[in-house]
file upload.txt (compact mmCIF, C-alpha atoms)
# COMPACT_ATOMS: atom_id res chain seq x y z
CA MET A 55 3.77 -37.23 -13.67
CA ILE A 56 5.79 -38.00 -10.57
CA TYR A 57 9.28 -39.48 -10.32
CA THR A 58 11.06 -40.74 -7.22
CA ILE A 59 14.31 -39.00 -6.33
CA GLU A 60 16.08 -42.33 -6.90
CA LYS A 61 14.72 -42.48 -10.46
CA VAL A 62 15.76 -38.90 -11.17
CA THR A 63 19.25 -39.58 -9.83
CA THR A 64 19.61 -42.48 -12.26
CA LEU A 65 18.14 -40.61 -15.24
CA ILE A 66 20.54 -37.67 -14.98
CA GLY A 67 23.56 -39.72 -13.90
CA ALA A 68 24.06 -37.80 -10.66
CA HIS A 69 25.94 -38.60 -7.47
CA ARG A 70 23.46 -38.31 -4.62
CA TYR A 71 24.24 -36.71 -1.26
CA GLY A 72 21.44 -37.30 1.25
CA ASP A 73 19.11 -40.25 1.67
CA LYS A 74 15.68 -38.77 2.27
CA ALA A 75 12.72 -40.26 0.39
CA ALA A 76 11.19 -37.75 -2.01
CA LYS A 77 9.00 -37.42 -5.08
CA VAL A 78 9.51 -34.95 -7.91
CA ALA A 79 6.65 -33.42 -9.91
CA PHE A 80 7.87 -29.85 -10.52
CA LEU A 81 11.13 -28.51 -11.97
CA LEU A 82 12.39 -25.12 -10.83
CA THR A 83 15.15 -22.90 -12.23
CA ASP A 84 14.04 -19.54 -10.81
CA SER A 85 13.56 -19.28 -7.04
CA ARG A 86 10.90 -16.58 -7.49
CA SER A 87 8.56 -19.09 -9.17
CA LEU A 88 8.42 -21.60 -6.31
CA CYS A 89 4.90 -22.87 -5.63
CA PHE A 90 4.87 -26.50 -4.43
CA PRO A 91 8.15 -26.93 -2.54
CA GLU A 92 7.57 -30.48 -1.28
CA GLU A 93 7.62 -31.95 -4.83
CA THR A 94 10.00 -29.46 -6.44
CA LEU A 95 13.46 -30.21 -7.82
CA PHE A 96 15.62 -27.07 -8.05
CA PHE A 97 18.36 -26.83 -10.67
CA ALA A 98 21.13 -24.47 -9.53
CA LEU A 99 21.97 -22.97 -12.93
CA LYS A 100 24.88 -20.62 -13.46
CA SER A 101 24.84 -17.66 -15.83
CA GLU A 102 27.11 -14.72 -16.52
CA ARG A 103 25.21 -12.65 -13.96
CA ASN A 104 23.99 -15.11 -11.40
CA ASP A 105 24.47 -18.47 -9.72
CA GLY A 106 21.55 -20.63 -8.60
CA HIS A 107 23.63 -22.09 -5.78
CA HIS A 108 23.22 -18.78 -3.92
CA TYR A 109 19.48 -19.45 -3.52
CA ILE A 110 19.75 -22.86 -1.85
CA PRO A 111 19.53 -21.52 1.76
CA GLU A 112 16.42 -19.45 0.96
CA LEU A 113 14.72 -22.31 -0.90
CA TYR A 114 15.50 -24.76 1.91
CA ARG A 115 13.84 -22.38 4.38
CA ARG A 116 10.81 -22.27 2.07
CA GLY A 117 10.48 -26.05 2.03
CA VAL A 118 12.47 -27.25 -0.98
CA ARG A 119 14.36 -30.44 -0.22
CA ASN A 120 15.77 -31.58 -3.56
CA PHE A 121 18.54 -29.81 -5.49
CA VAL A 122 20.62 -30.47 -8.60
CA VAL A 123 24.00 -28.81 -8.11
CA SER A 124 27.52 -28.73 -9.49
CA GLN A 125 28.87 -27.99 -6.00
CA VAL A 126 27.50 -29.61 -2.86
CA PRO A 127 27.23 -27.08 0.00
CA HIS A 128 29.89 -27.31 2.69
CA GLU A 129 28.65 -29.24 5.75
CA TYR A 130 25.43 -30.06 3.89
CA SER A 131 24.44 -32.82 6.33
CA SER A 132 24.28 -30.41 9.27
CA LEU A 133 23.06 -27.30 7.45
CA TYR A 134 20.48 -29.13 5.30
CA PRO A 135 19.71 -32.39 7.14
CA GLU A 136 16.47 -33.09 5.23
CA ALA A 137 17.85 -32.35 1.76
CA ASN A 138 18.98 -34.42 -1.20
CA PHE A 139 21.73 -32.95 -3.37
CA LEU A 140 22.24 -34.47 -6.82
CA LYS A 141 25.72 -33.52 -7.99
CA VAL A 142 26.38 -33.26 -11.73
CA VAL A 143 28.96 -31.51 -13.89
CA GLN A 144 26.46 -29.15 -15.52
CA PRO A 145 22.98 -28.63 -13.99
CA LEU A 146 21.64 -27.23 -17.30
CA GLU A 147 22.67 -30.40 -19.12
CA ALA A 148 21.08 -32.44 -16.32
CA LEU A 149 17.82 -30.49 -16.76
CA GLN A 150 17.89 -31.18 -20.48
CA ARG A 151 18.71 -34.85 -19.98
CA LEU A 152 15.86 -35.32 -17.50
CA ALA A 153 13.40 -33.77 -19.97
CA GLU A 154 14.80 -35.98 -22.72
CA ARG A 155 14.27 -39.12 -20.65
CA HIS A 156 10.77 -37.92 -19.75
CA ARG A 157 10.01 -37.46 -23.46
CA ASP A 158 11.07 -41.07 -24.06
CA GLU A 159 8.04 -42.20 -22.04
CA PHE A 160 5.59 -41.01 -24.71
CA ASN A 161 4.78 -42.70 -28.00
CA ILE A 162 2.56 -39.92 -29.35
CA PRO A 163 2.72 -37.38 -32.18
CA VAL A 164 5.01 -34.51 -31.17
CA VAL A 165 5.31 -31.39 -33.31
CA GLY A 166 8.56 -29.42 -33.09
CA ILE A 167 8.45 -25.90 -34.51
CA THR A 168 11.41 -23.71 -35.39
CA GLY A 169 11.94 -20.64 -37.54
CA SER A 170 12.90 -16.98 -37.34
CA ASN A 171 9.30 -15.83 -36.96
CA GLY A 172 5.88 -17.33 -36.40
CA LYS A 173 6.82 -20.16 -34.01
CA THR A 174 4.45 -19.08 -31.24
CA MET A 175 1.60 -18.28 -33.62
CA VAL A 176 1.84 -21.66 -35.36
CA LYS A 177 2.06 -23.45 -32.00
CA GLU A 178 -0.99 -21.65 -30.58
CA TRP A 179 -3.05 -22.03 -33.74
CA LEU A 180 -2.23 -25.72 -33.97
CA SER A 181 -3.43 -26.09 -30.41
CA GLN A 182 -6.68 -24.34 -31.30
CA LEU A 183 -7.16 -26.56 -34.37
CA LEU A 184 -6.39 -29.87 -32.62
CA SER A 185 -7.57 -29.46 -29.03
CA PRO A 186 -11.30 -30.03 -29.65
CA ASP A 187 -10.42 -33.64 -30.53
CA SER A 188 -7.21 -34.31 -28.58
CA PHE A 189 -5.61 -33.07 -25.39
CA VAL A 190 -2.66 -30.96 -26.54
CA THR A 191 0.36 -30.17 -24.36
CA ARG A 192 2.19 -27.13 -25.74
CA SER A 193 5.02 -24.81 -24.80
CA PRO A 194 3.80 -22.10 -22.41
CA ARG A 195 4.07 -18.74 -24.16
CA SER A 196 7.47 -18.59 -25.90
CA TYR A 197 9.33 -21.20 -23.85
CA ASN A 198 11.69 -22.13 -26.67
CA SER A 199 15.19 -21.68 -25.18
CA GLN A 200 17.76 -24.09 -23.76
CA ILE A 201 15.90 -23.79 -20.43
CA GLY A 202 12.37 -23.22 -21.76
CA VAL A 203 12.24 -26.31 -23.96
CA PRO A 204 12.99 -28.86 -21.20
CA LEU A 205 10.53 -27.12 -18.87
CA SER A 206 7.90 -27.35 -21.64
CA VAL A 207 8.50 -31.02 -22.47
CA TRP A 208 8.31 -31.85 -18.74
CA LEU A 209 4.62 -30.87 -18.95
CA LEU A 210 3.79 -33.99 -20.98
CA ASN A 211 1.52 -36.25 -18.92
CA GLU A 212 -0.79 -39.24 -19.14
CA GLN A 213 -3.59 -37.16 -20.69
CA THR A 214 -1.44 -35.80 -23.53
CA ARG A 215 -2.35 -37.02 -27.00
CA VAL A 216 -0.34 -34.48 -29.02
CA GLY A 217 2.68 -32.40 -28.01
CA VAL A 218 3.48 -29.07 -29.70
CA PHE A 219 6.76 -27.39 -28.78
CA GLU A 220 8.83 -24.46 -30.03
CA ALA A 221 12.59 -24.57 -30.52
CA GLY A 222 14.41 -21.24 -30.73
CA ILE A 223 18.11 -20.72 -31.35
CA SER A 224 20.34 -17.65 -31.50
CA LYS A 225 23.74 -19.12 -32.39
CA PRO A 226 25.36 -22.25 -33.84
CA GLY A 227 25.44 -25.39 -31.74
CA GLU A 228 22.15 -24.85 -29.89
CA MET A 229 19.64 -26.93 -31.88
CA GLN A 230 21.05 -30.40 -31.24
CA ALA A 231 20.14 -30.33 -27.54
CA LEU A 232 16.63 -29.05 -28.30
CA ARG A 233 16.09 -31.70 -30.96
CA ASP A 234 17.13 -34.45 -28.52
CA ILE A 235 14.65 -33.15 -25.94
CA ILE A 236 11.66 -32.62 -28.25
CA GLN A 237 12.27 -35.65 -30.51
CA PRO A 238 9.64 -34.41 -32.96
CA THR A 239 7.69 -36.83 -35.08
CA ILE A 240 6.66 -33.81 -37.17
CA ALA A 241 9.21 -31.00 -37.60
CA VAL A 242 8.14 -27.59 -38.90
CA LEU A 243 10.18 -24.66 -40.23
CA THR A 244 7.92 -21.60 -40.23
CA SER A 245 10.17 -19.01 -41.89
CA LEU A 246 13.76 -17.97 -42.35
CA GLY A 247 14.46 -14.34 -41.48
CA LYS A 248 17.29 -12.08 -40.36
CA ALA A 249 16.87 -12.53 -36.60
CA HIS A 250 20.23 -13.38 -34.94
CA GLN A 251 21.91 -13.31 -38.33
CA GLU A 252 24.98 -11.66 -36.77
CA ASN A 253 25.81 -15.02 -35.15
CA PHE A 254 25.79 -16.96 -38.44
CA GLU A 255 28.10 -16.66 -41.40
CA SER A 256 25.25 -16.87 -43.88
CA MET A 257 21.50 -17.43 -44.18
CA GLU A 258 22.25 -20.92 -45.41
CA ALA A 259 24.33 -21.65 -42.30
CA LYS A 260 21.48 -20.50 -40.07
CA CYS A 261 19.00 -22.59 -42.06
CA ARG A 262 21.17 -25.69 -41.65
CA GLU A 263 21.35 -25.15 -37.89
CA LYS A 264 17.57 -24.79 -37.61
CA LEU A 265 17.01 -27.87 -39.75
CA ILE A 266 18.91 -30.05 -37.29
CA LEU A 267 15.44 -30.28 -35.72
CA PHE A 268 14.37 -32.25 -38.82
CA HIS A 269 16.79 -35.15 -38.22
CA ASP A 270 14.92 -38.39 -37.44
CA ALA A 271 11.47 -36.73 -37.73
CA ALA A 272 8.95 -38.82 -39.64
CA THR A 273 7.42 -35.79 -41.35
CA LEU A 274 9.10 -32.55 -42.47
CA VAL A 275 7.00 -29.43 -43.05
CA TYR A 276 8.49 -26.31 -44.69
CA ASN A 277 8.04 -23.57 -47.29
CA ALA A 278 9.47 -24.75 -50.60
CA ASP A 279 9.05 -21.28 -52.12
CA ASP A 280 11.91 -19.95 -49.97
CA PRO A 281 14.99 -20.40 -52.19
CA VAL A 282 17.43 -20.81 -49.28
CA VAL A 283 15.25 -23.41 -47.57
CA ALA A 284 14.60 -25.24 -50.86
CA HIS A 285 18.34 -25.37 -51.62
CA VAL A 286 19.31 -26.66 -48.18
CA MET A 287 16.54 -29.26 -48.24
CA SER A 288 17.64 -30.44 -51.69
CA THR A 289 21.16 -31.13 -50.40
CA ALA A 290 20.13 -32.54 -46.99
CA ASN A 291 19.75 -36.25 -46.42
CA PHE A 292 16.62 -36.29 -44.27
CA PRO A 293 14.75 -39.62 -44.42
CA GLY A 294 11.40 -38.18 -43.30
CA GLU A 295 8.40 -37.56 -45.55
CA ARG A 296 8.58 -34.07 -47.05
CA LEU A 297 5.23 -32.30 -46.67
CA TYR A 298 6.22 -28.92 -48.05
CA TRP A 299 3.84 -26.17 -49.08
CA SER A 300 4.11 -23.98 -52.17
CA GLN A 301 2.21 -21.36 -54.11
CA THR A 302 4.19 -22.04 -57.30
CA ASP A 303 4.82 -25.80 -57.44
CA SER A 304 1.59 -27.57 -58.35
CA LYS A 305 3.18 -30.91 -57.38
CA ALA A 306 3.69 -29.78 -53.78
CA PRO A 307 1.94 -31.99 -51.17
CA PHE A 308 0.20 -28.81 -49.97
CA PHE A 309 -0.30 -26.60 -53.02
CA ILE A 310 -1.94 -23.21 -52.52
CA GLU A 311 -4.03 -22.63 -55.63
CA SER A 312 -5.22 -19.14 -54.73
CA VAL A 313 -5.34 -16.62 -51.91
CA GLU A 314 -8.19 -14.10 -51.93
CA LYS A 315 -8.35 -11.21 -49.46
CA GLN A 316 -11.51 -9.26 -48.77
CA ASP A 317 -12.19 -6.93 -45.83
CA CYS A 318 -10.88 -8.89 -42.80
CA ILE A 319 -11.14 -12.37 -44.34
CA THR A 320 -8.65 -14.37 -46.39
CA THR A 321 -9.91 -17.32 -48.43
CA VAL A 322 -7.35 -19.99 -49.24
CA HIS A 323 -7.97 -22.64 -51.91
CA TYR A 324 -5.53 -25.54 -51.73
CA ARG A 325 -4.83 -29.10 -52.79
CA TYR A 326 -3.52 -31.48 -50.14
CA ARG A 327 -2.29 -34.79 -51.55
CA GLU A 328 -4.31 -34.01 -54.69
CA GLN A 329 -7.53 -33.46 -52.69
CA ALA A 330 -9.10 -30.02 -53.12
CA GLY A 331 -10.08 -27.95 -50.10
CA SER A 332 -10.48 -24.39 -48.88
CA TYR A 333 -10.69 -22.38 -45.68
CA LYS A 334 -11.40 -18.86 -44.56
CA LEU A 335 -8.97 -17.14 -42.23
CA PRO A 336 -10.06 -14.14 -40.08
CA PHE A 337 -6.79 -12.33 -40.85
CA ILE A 338 -5.34 -10.70 -43.95
CA ASP A 339 -1.72 -9.93 -43.01
CA ALA A 340 0.94 -11.84 -44.90
CA ALA A 341 2.49 -13.45 -41.80
CA SER A 342 -0.83 -14.89 -40.61
CA VAL A 343 -1.65 -16.23 -44.07
CA SER A 344 1.75 -17.88 -44.41
CA ASN A 345 1.55 -19.37 -40.91
CA SER A 346 -1.87 -20.77 -41.74
CA PHE A 347 -0.24 -22.85 -44.51
CA ALA A 348 2.04 -24.52 -41.95
CA CYS A 349 -0.87 -25.09 -39.56
CA ALA A 350 -3.10 -26.56 -42.26
CA THR A 351 -0.38 -28.92 -43.48
CA VAL A 352 0.35 -30.23 -39.97
CA ALA A 353 -3.31 -30.50 -38.96
CA LEU A 354 -4.20 -32.46 -42.09
CA ALA A 355 -1.15 -34.71 -41.60
CA LEU A 356 -2.39 -35.46 -38.07
CA GLY A 357 -5.75 -36.58 -39.42
CA LEU A 358 -7.93 -33.47 -39.16
CA THR A 359 -10.52 -33.59 -41.93
CA ALA A 360 -10.78 -30.84 -44.52
CA ASP A 361 -14.26 -29.95 -43.22
CA LYS A 362 -13.06 -29.58 -39.62
CA LEU A 363 -10.06 -27.61 -40.81
CA ALA A 364 -12.32 -25.19 -42.65
CA GLN A 365 -14.64 -24.85 -39.66
CA ARG A 366 -11.85 -24.22 -37.15
CA MET A 367 -9.65 -22.00 -39.32
CA GLN A 368 -12.33 -19.33 -39.44
CA GLN A 369 -12.57 -19.46 -35.63
CA LEU A 370 -8.85 -18.90 -34.97
CA GLU A 371 -8.13 -16.18 -32.43
CA PRO A 372 -5.25 -13.71 -32.45
CA VAL A 373 -2.29 -14.80 -30.37
CA ALA A 374 -1.50 -12.71 -27.31
CA MET A 375 2.29 -12.80 -27.14
CA ARG A 376 2.45 -11.51 -23.57
CA MET A 377 0.18 -10.59 -20.68
CA GLU A 378 -1.47 -7.18 -20.72
CA VAL A 379 -0.99 -5.01 -17.65
CA LYS A 380 -3.43 -2.11 -17.29
CA GLU A 381 -4.10 0.46 -14.63
CA GLY A 382 -7.66 0.07 -13.33
CA GLN A 383 -9.79 2.22 -11.06
CA HIS A 384 -9.01 3.07 -7.42
CA GLY A 385 -5.33 2.17 -7.75
CA CYS A 386 -6.08 -1.33 -9.02
CA THR A 387 -3.74 -3.09 -11.48
CA LEU A 388 -5.32 -5.48 -13.98
CA ILE A 389 -3.30 -8.35 -15.41
CA ASN A 390 -5.18 -9.69 -18.43
CA ASP A 391 -4.21 -13.20 -19.53
CA SER A 392 -7.62 -14.26 -20.78
CA TYR A 393 -6.27 -15.70 -24.06
CA ASN A 394 -4.31 -18.47 -22.34
CA SER A 395 -6.75 -20.65 -20.41
CA ASP A 396 -5.05 -23.73 -19.04
CA ILE A 397 -3.51 -24.76 -15.75
CA ASN A 398 0.09 -24.11 -16.81
CA SER A 399 -0.67 -20.63 -18.16
CA LEU A 400 -2.63 -19.87 -14.98
CA ASP A 401 0.41 -20.71 -12.88
CA ILE A 402 2.61 -18.44 -15.02
CA ALA A 403 0.12 -15.58 -14.75
CA LEU A 404 -0.18 -15.90 -10.96
CA ASP A 405 3.60 -16.07 -10.69
CA PHE A 406 3.79 -12.88 -12.78
CA MET A 407 1.31 -11.22 -10.42
CA ASN A 408 3.50 -12.09 -7.44
CA ARG A 409 6.55 -10.59 -9.11
CA ARG A 410 5.00 -7.13 -9.35
CA PRO A 411 7.09 -4.68 -7.28
CA ASP A 412 4.20 -3.75 -5.00
CA HIS A 413 2.48 -7.12 -4.80
CA LYS A 414 2.93 -7.45 -1.02
CA GLU A 415 0.86 -4.32 -0.39
CA ARG A 416 -1.92 -5.39 -2.75
CA ARG A 417 -4.89 -7.70 -2.34
CA HIS A 418 -4.83 -10.42 -4.99
CA THR A 419 -8.02 -11.35 -6.85
CA LEU A 420 -8.30 -14.11 -9.45
CA ILE A 421 -11.14 -13.97 -11.99
CA LEU A 422 -11.33 -17.30 -13.84
CA SER A 423 -13.77 -18.84 -16.28
CA ASP A 424 -14.23 -22.54 -17.03
CA ILE A 425 -11.11 -24.24 -18.40
CA PHE A 426 -11.86 -26.35 -21.46
CA GLN A 427 -10.06 -29.35 -23.04
CA SER A 428 -7.87 -29.95 -20.00
CA GLY A 429 -7.90 -33.73 -20.34
CA GLU A 430 -8.64 -34.04 -16.60
CA ARG A 431 -11.77 -34.78 -14.61
CA PRO A 432 -13.34 -31.49 -13.42
CA ASP A 433 -12.94 -32.33 -9.72
CA GLU A 434 -9.22 -33.05 -10.20
CA LEU A 435 -8.65 -30.00 -12.41
CA TYR A 436 -10.33 -27.51 -10.06
CA ARG A 437 -8.62 -29.04 -7.02
CA GLU A 438 -5.38 -28.13 -8.81
CA VAL A 439 -6.74 -24.63 -9.45
CA SER A 440 -7.66 -24.30 -5.78
CA ASP A 441 -4.24 -25.47 -4.60
CA LEU A 442 -2.52 -23.14 -7.07
CA ALA A 443 -4.57 -20.12 -6.03
CA THR A 444 -3.84 -20.82 -2.37
CA LYS A 445 -0.12 -21.33 -2.92
CA ARG A 446 0.15 -18.21 -5.07
CA GLY A 447 -1.50 -16.03 -2.44
CA VAL A 448 -4.91 -15.32 -4.02
CA ASP A 449 -7.11 -13.48 -1.49
CA LYS A 450 -10.35 -13.43 -3.49
CA PHE A 451 -11.60 -15.82 -6.16
CA ILE A 452 -14.32 -15.09 -8.73
CA GLY A 453 -15.33 -18.13 -10.78
CA ILE A 454 -17.44 -17.86 -13.93
CA GLY A 455 -19.06 -20.82 -15.66
CA PRO A 456 -21.23 -23.85 -14.88
CA GLU A 457 -18.32 -26.22 -14.13
CA LEU A 458 -16.62 -23.80 -11.73
CA CYS A 459 -19.95 -23.30 -9.97
CA ARG A 460 -20.34 -27.09 -9.60
CA GLN A 461 -16.86 -27.26 -8.10
CA ALA A 462 -17.33 -24.21 -5.84

call {"tool": "encode", "arguments": {"input": "upload.txt", "output": "structure tokens"}}
result
Amino acid sequence: MIYTIEKVTTLIGAHRYGDKAAKVAFLLTDSRSLCFPEETLFFALKSERNDGHHYIPELYRRGVRNFVVSQVPHEYSSLYPEANFLKVVQPLEALQRLAERHRDEFNIPVVGITGSNGKTMVKEWLSQLLSPDSFVTRSPRSYNSQIGVPLSVWLLNEQTRVGVFEAGISKPGEMQALRDIIQPTIAVLTSLGKAHQENFESMEAKCREKLILFHDAATLVYNADDPVVAHVMSTANFPGERLYWSQTDSKAPFFIESVEKQDCITTVHYRYREQAGSYKLPFIDAASVSNSFACATVALALGLTADKLAQRMQQLEPVAMRMEVKEGQHGCTLINDSYNSDINSLDIALDFMNRRPDHKERRHTLILSDIFQSGERPDELYREVSDLATKRGVDKFIGIGPELCRQA
């Protein structure tokens, strides 16, 4: 989706310096990831170690013309005559507000996932379960931070039918901003563990912070067998429908009647809203089995039938948490990202390739198979792939699959 610079200025409440017409399609917070400068809006974020304002001259030379800043460069009209500077108090808050306003444009089911562990697995598995029927926009990899969440939600577009986003926190006071950006219609708590516990006075305090995501959600999904979670939920005044799962409470909306493990297969027998069902999962570890309960509950709540759930659960693939980098023959480096096959993941992988220390001395080859469930017409999708490969410096392209061959 594309916004005019005038619209962006209004949405983030900025004071605009510069009057050049411009359109914004891409948000940038890291200068190394620049790909399409003409339609990029750069947010000059400050951190303890760095300041995005330092990269404005370089990005201007590379074609970027639109910047969100807290300080307008001195003599901007002469140094950057073609630029627009949108001045705000805090560029990070402006980034979050823009994503929040973008989210307001969509009246679709949006799943927000939080928890100490399992967020990425549940997100990826939900995408696998739902995408054959609906175009799913999800967080790339583990984009669940104060910066990652707005960049993820910005990916919502006209083709999206379901959004699935992670929300990760490490200290008190972080979840409210993420909740406002995601605005989940279904909120999921995967698990409550000891990660980042040093920043919270108790497990209950951390649970309450995570459950801020549940405010205003229509449906709440969580593990009622966790005593801390069950206690906090019993004292919380959340108006949403409580679709909790349990292996001990037979009155639970998603009640797990039995879990049978054999070789590499787990068979789960359950009752969802008093209707019996079962599925086989190609994993036997406790984390995968528990995460499958969350996925099944959400998928059924979104209308997936028990038969389709059973069919797709047994086809779930392991989640690659990061790209594999391997040394190949003749000094070749292989970057394997074959698990993630969509246009956003492709951009991240090509960006990763260009960040390798020796990338300038190497020839870049992209090996790509057909991309499925993109929600776009093939000619439009592969024109995007072509533009991306060109912009990211691909020297040789190897396409595999009937659709890629048709679009050669």

call {"tool": "closest_residue", "arguments": {"input": "upload.txt", "among": "A:Arg151, A:Ser101, A:Phe292, A:Tyr109", "to": "Thr63 in chain A", "atoms": "all atoms listed in the file"}}
result
A:Arg151

call {"tool": "atom_distance", "arguments": {"input": "upload.txt", "atom1": "CA of Glu228 in chain A", "atom2": "CA of Ser170 in chain A"}}
result
14.2 Å

call {"tool": "closest_residue", "arguments": {"input": "upload.txt", "among": "A:Ser399, A:Gln182, A:Asn120, A:Thr273", "to": "Phe139 in chain A", "atoms": "all atoms listed in the file"}}
result
A:Asn120

call {"tool": "residues_around", "arguments": {"input": "upload.txt", "residues": "Asp317 in chain A", "least_positions_apart": "6", "cutoff": "12 Å", "atoms": "all atoms listed in the file", "output": "ChimeraX atom specification"}}
result
/A:335-339

call {"tool": "atom_distance", "arguments": {"input": "upload.txt", "atom1": "CA of Cys318 in chain A", "atom2": "CA of Val373 in chain A"}}
result
16.2 Å
